[in-house]
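J.: So here's entry35.cif (mmCIF, C-alpha atoms and all ligand atoms).
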data_upload
#
loop_
_atom_site.group_PDB
_atom_site.id
_atom_site.type_symbol
_atom_site.label_atom_id
_atom_site.label_comp_id
_atom_site.auth_asym_id
_atom_site.auth_seq_id
_atom_site.Cartn_x
_atom_site.Cartn_y
_atom_site.Cartn_z
ATOM 1 C CA MET A 29 163.288 -10.176 -140.409
ATOM 2 C CA ASP A 30 164.066 -8.737 -136.972
ATOM 3 C CA GLU A 31 161.416 -8.770 -134.256
ATOM 4 C CA ALA A 32 160.622 -5.055 -134.559
ATOM 5 C CA ALA A 33 159.942 -5.481 -138.281
ATOM 6 C CA GLU A 34 157.770 -8.546 -137.561
ATOM 7 C CA LEU A 35 155.679 -6.513 -135.105
ATOM 8 C CA THR A 36 155.241 -3.742 -137.654
ATOM 9 C CA GLN A 37 154.127 -6.348 -140.206
ATOM 10 C CA ILE A 38 151.437 -7.606 -137.808
ATOM 11 C CA ALA A 39 150.085 -4.040 -137.623
ATOM 12 C CA VAL A 40 150.199 -3.793 -141.434
ATOM 13 C CA ARG A 41 148.370 -7.128 -141.889
ATOM 14 C CA ALA A 42 145.744 -6.225 -139.282
ATOM 15 C CA THR A 43 145.102 -2.863 -140.966
ATOM 16 C CA LYS A 44 144.964 -4.391 -144.467
ATOM 17 C CA HIS A 45 142.484 -6.924 -143.116
ATOM 18 C CA ASP A 46 140.208 -3.985 -142.246
ATOM 19 C CA GLY A 47 140.105 -3.172 -145.964
ATOM 20 C CA TYR A 48 142.730 -0.468 -146.402
ATOM 21 C CA ASP A 49 144.751 -0.536 -149.640
ATOM 22 C CA ASP A 50 148.514 -0.143 -150.074
ATOM 23 C CA GLU A 51 148.259 3.636 -150.577
ATOM 24 C CA ALA A 52 146.371 4.031 -147.328
ATOM 25 C CA ILE A 53 148.846 1.754 -145.537
ATOM 26 C CA ALA A 54 151.726 3.927 -146.818
ATOM 27 C CA ARG A 55 150.043 7.018 -145.338
ATOM 28 C CA PHE A 56 149.315 5.220 -142.056
ATOM 29 C CA MET A 57 152.859 3.818 -141.796
ATOM 30 C CA PRO A 58 154.183 6.251 -139.143
ATOM 31 C CA GLY A 59 151.322 5.069 -136.922
ATOM 32 C CA LEU A 60 151.844 1.372 -137.675
ATOM 33 C CA LYS A 61 155.603 1.200 -137.193
ATOM 34 C CA ILE A 62 156.537 -0.316 -133.846
ATOM 35 C CA ASN A 63 157.911 2.343 -131.526
ATOM 36 C CA LEU A 64 161.426 1.340 -130.415
ATOM 37 C CA ALA A 65 161.482 3.937 -127.631
ATOM 38 C CA LEU A 66 158.346 2.397 -126.116
ATOM 39 C CA ILE A 67 159.935 -1.082 -126.364
ATOM 40 C CA ALA A 68 162.999 0.260 -124.541
ATOM 41 C CA ALA A 69 160.724 1.781 -121.878
ATOM 42 C CA GLY A 70 159.003 -1.578 -121.280
ATOM 43 C CA LEU A 71 155.676 -0.234 -122.574
ATOM 44 C CA VAL A 72 155.190 -2.789 -125.364
ATOM 45 C CA PHE A 73 153.863 -6.287 -124.727
ATOM 46 C CA VAL A 74 154.058 -9.000 -127.361
ATOM 47 C CA ALA A 75 151.762 -12.046 -127.333
ATOM 48 C CA GLU A 76 153.648 -15.069 -128.612
ATOM 49 C CA GLY A 77 152.667 -18.602 -129.430
ATOM 50 C CA GLU A 78 154.522 -21.604 -127.999
ATOM 51 C CA ASN A 79 156.787 -21.519 -131.054
ATOM 52 C CA GLY A 80 157.828 -17.965 -130.210
ATOM 53 C CA VAL A 81 155.959 -16.498 -133.170
ATOM 54 C CA PRO A 82 154.343 -13.155 -132.278
ATOM 55 C CA TYR A 83 150.521 -13.136 -132.644
ATOM 56 C CA GLY A 84 149.867 -9.571 -131.603
ATOM 57 C CA HIS A 85 151.104 -6.665 -129.546
ATOM 58 C CA VAL A 86 149.953 -3.750 -127.475
ATOM 59 C CA SER A 87 151.657 -0.552 -126.368
ATOM 60 C CA VAL A 88 150.797 2.407 -124.186
ATOM 61 C CA ARG A 89 152.526 5.717 -123.686
ATOM 62 C CA PRO A 90 152.411 8.453 -121.088
ATOM 63 C CA THR A 91 150.657 11.680 -122.102
ATOM 64 C CA GLY A 92 152.279 14.039 -119.618
ATOM 65 C CA ILE A 93 148.818 14.672 -118.191
ATOM 66 C CA GLY A 94 148.532 13.161 -114.736
ATOM 67 C CA GLY A 95 146.565 9.919 -114.637
ATOM 68 C CA LEU A 96 146.092 9.787 -118.413
ATOM 69 C CA SER A 97 147.841 7.247 -120.605
ATOM 70 C CA LEU A 98 147.381 6.740 -124.331
ATOM 71 C CA LEU A 99 146.841 3.421 -126.071
ATOM 72 C CA ASP A 100 149.620 3.653 -128.644
ATOM 73 C CA GLY A 101 148.561 0.554 -130.549
ATOM 74 C CA ILE A 102 146.857 -2.828 -130.262
ATOM 75 C CA PHE A 103 147.141 -5.233 -133.141
ATOM 76 C CA VAL A 104 146.241 -8.887 -133.539
ATOM 77 C CA ASP A 105 147.429 -10.865 -136.540
ATOM 78 C CA PRO A 106 144.217 -11.432 -138.532
ATOM 79 C CA ALA A 107 145.009 -15.157 -138.677
ATOM 80 C CA TYR A 108 144.276 -15.227 -134.922
ATOM 81 C CA SER A 109 141.440 -12.694 -134.634
ATOM 82 C CA ARG A 110 138.238 -13.212 -132.635
ATOM 83 C CA ARG A 111 139.877 -15.720 -130.275
ATOM 84 C CA GLY A 112 140.127 -13.436 -127.272
ATOM 85 C CA LEU A 113 143.674 -12.287 -127.959
ATOM 86 C CA GLY A 114 142.695 -8.601 -128.268
ATOM 87 C CA THR A 115 140.869 -8.864 -124.941
ATOM 88 C CA ARG A 116 143.986 -10.283 -123.285
ATOM 89 C CA LEU A 117 146.174 -7.584 -124.846
ATOM 90 C CA PHE A 118 143.762 -4.905 -123.606
ATOM 91 C CA ALA A 119 144.057 -6.344 -120.087
ATOM 92 C CA THR A 120 147.829 -5.964 -120.464
ATOM 93 C CA ALA A 121 147.360 -2.333 -121.588
ATOM 94 C CA ILE A 122 145.565 -1.764 -118.296
ATOM 95 C CA GLU A 123 148.517 -3.230 -116.371
ATOM 96 C CA LEU A 124 151.025 -1.162 -118.368
ATOM 97 C CA SER A 125 148.950 1.971 -117.713
ATOM 98 C CA ARG A 126 148.891 1.182 -114.009
ATOM 99 C CA LYS A 127 152.701 1.138 -114.129
ATOM 100 C CA LEU A 128 152.441 4.698 -115.468
ATOM 101 C CA ALA A 129 150.154 5.593 -112.561
ATOM 102 C CA GLY A 130 147.349 5.994 -115.053
ATOM 103 C CA ASN A 131 143.709 5.801 -114.115
ATOM 104 C CA VAL A 132 142.265 6.565 -117.546
ATOM 105 C CA ILE A 133 143.362 5.202 -120.920
ATOM 106 C CA LEU A 134 142.673 7.418 -123.923
ATOM 107 C CA ILE A 135 142.056 5.499 -127.148
ATOM 108 C CA ASN A 136 141.869 6.775 -130.713
ATOM 109 C CA SER A 137 139.963 4.013 -132.460
ATOM 110 C CA SER A 138 139.814 3.212 -136.132
ATOM 111 C CA PRO A 139 136.239 2.936 -137.447
ATOM 112 C CA HIS A 140 136.659 -0.859 -137.538
ATOM 113 C CA SER A 141 137.573 -1.241 -133.862
ATOM 114 C CA VAL A 142 134.823 0.749 -132.113
ATOM 115 C CA GLU A 143 132.802 -2.346 -131.219
ATOM 116 C CA PHE A 144 135.882 -3.937 -129.690
ATOM 117 C CA TYR A 145 136.565 -0.946 -127.413
ATOM 118 C CA ALA A 146 132.897 -0.635 -126.480
ATOM 119 C CA ARG A 147 133.014 -4.315 -125.560
ATOM 120 C CA MET A 148 136.116 -3.649 -123.427
ATOM 121 C CA GLY A 149 134.060 -1.130 -121.437
ATOM 122 C CA ALA A 150 135.487 2.081 -122.912
ATOM 123 C CA ASN A 151 133.185 5.078 -123.428
ATOM 124 C CA LYS A 152 133.093 7.146 -126.598
ATOM 125 C CA ILE A 153 133.975 10.749 -125.783
ATOM 126 C CA GLY A 154 134.477 12.292 -129.224
ATOM 127 C CA ALA A 155 136.085 12.031 -132.633
ATOM 128 C CA THR A 156 139.301 13.252 -134.208
ATOM 129 C CA PRO A 157 140.896 13.043 -137.674
ATOM 130 C CA PHE A 158 143.738 10.499 -137.916
ATOM 131 C CA VAL A 159 146.868 12.637 -137.819
ATOM 132 C CA PHE A 160 148.608 10.612 -140.552
ATOM 133 C CA SER A 161 145.531 10.471 -142.828
ATOM 134 C CA PRO A 162 142.976 13.153 -141.954
ATOM 135 C CA ASP A 163 140.357 11.615 -144.275
ATOM 136 C CA VAL A 164 139.978 8.863 -141.657
ATOM 137 C CA GLN A 165 137.878 9.893 -138.682
ATOM 138 C CA LEU A 166 138.907 8.180 -135.437
ATOM 139 C CA SER A 167 136.589 7.705 -132.485
ATOM 140 C CA MET A 168 138.006 8.808 -129.159
ATOM 141 C CA PHE A 169 137.300 6.531 -126.219
ATOM 142 C CA ALA A 170 138.148 6.804 -122.531
ATOM 143 C CA PHE A 171 138.581 3.704 -120.391
ATOM 144 C CA ALA A 172 138.427 4.152 -116.637
ATOM 145 C CA ILE A 173 140.935 1.781 -114.987
ATOM 146 C CA PRO A 174 139.324 0.056 -112.032
ATOM 147 C CA PRO A 175 141.230 0.140 -108.733
ATOM 148 C CA SER A 176 143.647 -2.782 -108.491
ATOM 149 C CA THR A 177 142.535 -5.594 -106.218
ATOM 150 C CA GLU A 178 146.165 -6.684 -105.731
ATOM 151 C CA HIS A 179 147.413 -6.258 -102.192
ATOM 152 C CA GLY A 180 149.472 -3.121 -101.697
ATOM 153 C CA THR A 181 148.750 -1.525 -105.097
HETATM 154 C C1 LIG A 201 140.638 -4.700 -132.727
HETATM 155 C C2 LIG A 201 141.467 -5.967 -132.507
HETATM 156 C C3 LIG A 201 142.682 -5.665 -131.647
HETATM 157 C C4 LIG A 201 140.578 -7.032 -131.812
HETATM 158 O O1 LIG A 201 141.355 -8.225 -131.582
HETATM 159 P P1 LIG A 201 140.670 -9.678 -131.395
HETATM 160 O O2 LIG A 201 141.677 -10.630 -130.879
HETATM 161 O O3 LIG A 201 139.979 -10.070 -132.650
HETATM 162 O O4 LIG A 201 139.582 -9.342 -130.277
HETATM 163 P P2 LIG A 201 138.777 -10.378 -129.323
HETATM 164 O O5 LIG A 201 138.735 -11.732 -129.946
HETATM 165 O O6 LIG A 201 139.358 -10.272 -127.950
HETATM 166 O O7 LIG A 201 137.317 -9.705 -129.359
HETATM 167 C C5 LIG A 201 136.594 -9.392 -128.178
HETATM 168 C C6 LIG A 201 135.232 -8.851 -128.556
HETATM 169 O O8 LIG A 201 135.359 -7.569 -129.198
HETATM 170 C C7 LIG A 201 134.341 -7.450 -130.211
HETATM 171 N N1 LIG A 201 134.983 -7.395 -131.525
HETATM 172 C C8 LIG A 201 136.280 -7.666 -131.830
HETATM 173 N N2 LIG A 201 136.501 -7.469 -133.150
HETATM 174 C C9 LIG A 201 135.330 -7.077 -133.676
HETATM 175 C C10 LIG A 201 134.923 -6.733 -134.986
HETATM 176 N N3 LIG A 201 135.770 -6.753 -136.029
HETATM 177 N N4 LIG A 201 133.624 -6.385 -135.195
HETATM 178 C C11 LIG A 201 132.749 -6.371 -134.164
HETATM 179 N N5 LIG A 201 133.071 -6.684 -132.880
HETATM 180 C C12 LIG A 201 134.349 -7.023 -132.653
HETATM 181 C C13 LIG A 201 133.476 -8.688 -130.108
HETATM 182 O O9 LIG A 201 132.440 -8.416 -129.180
HETATM 183 C C14 LIG A 201 134.450 -9.706 -129.546
HETATM 184 O O10 LIG A 201 133.837 -10.758 -128.852
HETATM 185 P P3 LIG A 201 133.280 -12.049 -129.678
HETATM 186 O O11 LIG A 201 134.367 -12.495 -130.622
HETATM 187 O O12 LIG A 201 132.974 -13.033 -128.593
HETATM 188 O O13 LIG A 201 132.070 -11.577 -130.424
HETATM 189 C C15 LIG A 201 141.927 -6.573 -133.860
HETATM 190 O O14 LIG A 201 140.785 -6.818 -134.659
HETATM 191 C C16 LIG A 201 142.884 -5.743 -134.655
HETATM 192 O O15 LIG A 201 144.105 -5.903 -134.532
HETATM 193 N N6 LIG A 201 142.322 -4.899 -135.514
HETATM 194 C C17 LIG A 201 143.080 -4.150 -136.513
HETATM 195 C C18 LIG A 201 144.009 -3.149 -135.974
HETATM 196 C C19 LIG A 201 143.359 -1.997 -135.313
HETATM 197 O O16 LIG A 201 142.538 -1.335 -135.905
HETATM 198 N N7 LIG A 201 143.762 -1.795 -134.071
HETATM 199 C C20 LIG A 201 143.268 -0.742 -133.313
HETATM 200 C C21 LIG A 201 143.922 0.541 -133.692
HETATM 201 S S1 LIG A 201 142.859 1.842 -133.196
#
Render the structure in this file as structure tokens.

T.:
Amino acid sequence: MDEAAELTQIAVRATKHDGYDDEAIARFMPGLKINLALIAAGLVFVAEGENGVPYGHVSVRPTGIGGLSLLDGIFVDPAYSRRGLGTRLFATAIELSRKLAGNVILINSSPHSVEFYARMGANKIGATPFVFSPDVQLSMFAFAIPPSTEHGT
């Protein structure tokens, strides 16, 4: 399996772990498939173990609205969940968004991830149907990126 397919499979496993069946996964698939254009743009980060096996990944994309970036996806292989990996990936999303000159990250959260984003410090600002499966209501969060403490940025 090539790396892109492996990353997509992590997203599939993570979503199945939240209780969605194969039919739901098939509907969600356009949203779970790793985005090759974002990889090419350097907007995907993969967390790997020492053996080079990917444990999770995160991606952000520009929105075209100044200062606003969108969390495209954040997925941790369920075999490694609740070990702080999602927190580390979210920190990377902040760095990737800074590269896009973003100061706010918009997040469309599945119902199973709202506590995670609240814990990350994001604020719920609304709700929206999942474009690939409108029966699923997503919570919209906004995360305000703190000013960088790094010199010169
Ligand atoms: C959401 C997700 C990225 C979190 O990854 P993770 O590595 O398990 O997260 P962390 O270990 O860094 O969790 C940090 C904190 O977030 C909260 N949290 C994370 N998952 C949670 C859950 N399922 N229920 C409640 N709180 C949760 C907890 O406060 C946790 O701290 P604790 O473990 O000390 O209690 C991961 O569960 C995932 O891939 N989910 C499925 C895919 C998905 O829905 N992605 C988001 C698309 S919108």

J.: Please give me, as a PyMOL selection string, the residues lying within 10 Å of ligand LIG 201 (chain A) when counting all atoms listed in the file.

T.: chain A and resi 38-47+59-60+83-86+99-119+135-148+158+166-168

J.: Residue by residue, what does the PyMOL selection byres (((chain A and resi 154) around 8) and not hetatm) grab here? Present the result as a list in words.

T.: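 Answer for the PyMOL selection byres (((chain A and resi 154) around 8) and not hetatm): Lys152, Ile153, Ala155, Thr156, Ser167, Met168 and Phe169 of chain A.
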
J.: Can you work out the spacing between CA of Leu35 in chain A and CA of Asn151 in chain A in Å, to one decimal?

T.: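 Atom-to-atom, CA of Leu35 in chain A and CA of Asn151 in chain A are spaced 27.9 Å apart.
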
J.: Between CA of Val159 in chain A and CA of Arg126 in chain A, what is the distance, to one decimal in Å?

T.: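 Between CA of Val159 in chain A and CA of Arg126 in chain A the gap works out to 26.5 Å.
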
J.: On this structure, the PyMOL selection byres (((chain A and resi 89) around 7) and not hetatm) would catch which residues? List them as number ranges by chain, sorted by chain and number.

T.: A: 71, 87-88, 90-91, 97-100

J.: Where atoms are missing, can you supply N, CA, C and O atoms for range 105-127 of chain A and output the lot as an mmCIF file, keeping the file's coordinate frame?

T.:
data_model
loop_
_atom_site.group_PDB
_atom_site.id
_atom_site.type_symbol
_atom_site.label_atom_id
_atom_site.label_comp_id
_atom_site.auth_asym_id
_atom_site.auth_seq_id
_atom_site.Cartn_x
_atom_site.Cartn_y
_atom_site.Cartn_z
ATOM 1 N N ASP A 105 147.293 -10.298 -135.201
ATOM 2 C CA ASP A 105 147.429 -10.865 -136.540
ATOM 3 C C ASP A 105 146.069 -11.415 -136.962
ATOM 4 O O ASP A 105 145.466 -12.193 -136.221
ATOM 5 N N PRO A 106 145.566 -11.001 -138.148
ATOM 6 C CA PRO A 106 144.217 -11.432 -138.532
ATOM 7 C C PRO A 106 144.037 -12.943 -138.557
ATOM 8 O O PRO A 106 142.914 -13.433 -138.409
ATOM 9 N N ALA A 107 145.128 -13.693 -138.696
ATOM 10 C CA ALA A 107 145.009 -15.157 -138.677
ATOM 11 C C ALA A 107 144.528 -15.656 -137.313
ATOM 12 O O ALA A 107 144.055 -16.787 -137.195
ATOM 13 N N TYR A 108 144.631 -14.812 -136.285
ATOM 14 C CA TYR A 108 144.276 -15.227 -134.922
ATOM 15 C C TYR A 108 143.170 -14.363 -134.325
ATOM 16 O O TYR A 108 142.986 -14.353 -133.106
ATOM 17 N N SER A 109 142.442 -13.626 -135.177
ATOM 18 C CA SER A 109 141.440 -12.694 -134.634
ATOM 19 C C SER A 109 140.220 -13.434 -134.101
ATOM 20 O O SER A 109 139.990 -14.609 -134.414
ATOM 21 N N ARG A 110 139.475 -12.743 -133.264
ATOM 22 C CA ARG A 110 138.238 -13.212 -132.635
ATOM 23 C C ARG A 110 138.441 -14.502 -131.824
ATOM 24 O O ARG A 110 137.596 -15.374 -131.792
ATOM 25 N N ARG A 111 139.614 -14.580 -131.174
ATOM 26 C CA ARG A 111 139.877 -15.720 -130.275
ATOM 27 C C ARG A 111 140.188 -15.229 -128.876
ATOM 28 O O ARG A 111 140.792 -15.949 -128.067
ATOM 29 N N GLY A 112 139.895 -13.959 -128.620
ATOM 30 C CA GLY A 112 140.127 -13.436 -127.272
ATOM 31 C C GLY A 112 141.495 -12.816 -127.053
ATOM 32 O O GLY A 112 141.792 -12.329 -125.965
ATOM 33 N N LEU A 113 142.315 -12.825 -128.117
ATOM 34 C CA LEU A 113 143.674 -12.287 -127.959
ATOM 35 C C LEU A 113 143.639 -10.774 -127.708
ATOM 36 O O LEU A 113 144.363 -10.256 -126.842
ATOM 37 N N GLY A 114 142.809 -10.056 -128.460
ATOM 38 C CA GLY A 114 142.695 -8.601 -128.268
ATOM 39 C C GLY A 114 142.254 -8.279 -126.844
ATOM 40 O O GLY A 114 142.776 -7.336 -126.225
ATOM 41 N N THR A 115 141.344 -9.074 -126.318
ATOM 42 C CA THR A 115 140.869 -8.864 -124.941
ATOM 43 C C THR A 115 142.021 -9.027 -123.959
ATOM 44 O O THR A 115 142.185 -8.223 -123.029
ATOM 45 N N ARG A 116 142.853 -10.054 -124.186
ATOM 46 C CA ARG A 116 143.986 -10.283 -123.285
ATOM 47 C C ARG A 116 145.013 -9.153 -123.419
ATOM 48 O O ARG A 116 145.595 -8.703 -122.441
ATOM 49 N N LEU A 117 145.226 -8.693 -124.653
ATOM 50 C CA LEU A 117 146.174 -7.584 -124.846
ATOM 51 C C LEU A 117 145.642 -6.313 -124.180
ATOM 52 O O LEU A 117 146.412 -5.533 -123.612
ATOM 53 N N PHE A 118 144.320 -6.103 -124.241
ATOM 54 C CA PHE A 118 143.762 -4.905 -123.606
ATOM 55 C C PHE A 118 143.958 -4.976 -122.085
ATOM 56 O O PHE A 118 144.268 -3.966 -121.443
ATOM 57 N N ALA A 119 143.814 -6.179 -121.533
ATOM 58 C CA ALA A 119 144.057 -6.344 -120.087
ATOM 59 C C ALA A 119 145.512 -5.982 -119.758
ATOM 60 O O ALA A 119 145.796 -5.383 -118.707
ATOM 61 N N THR A 120 146.425 -6.324 -120.667
ATOM 62 C CA THR A 120 147.829 -5.964 -120.464
ATOM 63 C C THR A 120 148.024 -4.456 -120.563
ATOM 64 O O THR A 120 148.827 -3.874 -119.815
ATOM 65 N N ALA A 121 147.281 -3.807 -121.476
ATOM 66 C CA ALA A 121 147.360 -2.333 -121.588
ATOM 67 C C ALA A 121 146.957 -1.689 -120.260
ATOM 68 O O ALA A 121 147.540 -0.681 -119.842
ATOM 69 N N ILE A 122 145.992 -2.290 -119.604
ATOM 70 C CA ILE A 122 145.565 -1.764 -118.296
ATOM 71 C C ILE A 122 146.718 -1.881 -117.296
ATOM 72 O O ILE A 122 147.029 -0.931 -116.569
ATOM 73 N N GLU A 123 147.386 -3.044 -117.305
ATOM 74 C CA GLU A 123 148.517 -3.230 -116.371
ATOM 75 C C GLU A 123 149.660 -2.261 -116.686
ATOM 76 O O GLU A 123 150.262 -1.678 -115.788
ATOM 77 N N LEU A 124 149.960 -2.099 -117.982
ATOM 78 C CA LEU A 124 151.025 -1.162 -118.368
ATOM 79 C C LEU A 124 150.654 0.259 -117.947
ATOM 80 O O LEU A 124 151.502 1.026 -117.475
ATOM 81 N N SER A 125 149.389 0.620 -118.092
ATOM 82 C CA SER A 125 148.950 1.971 -117.713
ATOM 83 C C SER A 125 149.037 2.160 -116.201
ATOM 84 O O SER A 125 149.367 3.258 -115.737
ATOM 85 N N ARG A 126 148.754 1.091 -115.475
ATOM 86 C CA ARG A 126 148.891 1.182 -114.009
ATOM 87 C C ARG A 126 150.338 1.489 -113.638
ATOM 88 O O ARG A 126 150.596 2.257 -112.721
ATOM 89 N N LYS A 127 151.271 0.869 -114.393
ATOM 90 C CA LYS A 127 152.701 1.138 -114.129
ATOM 91 C C LYS A 127 153.025 2.609 -114.326
ATOM 92 O O LYS A 127 153.947 3.146 -113.738
#
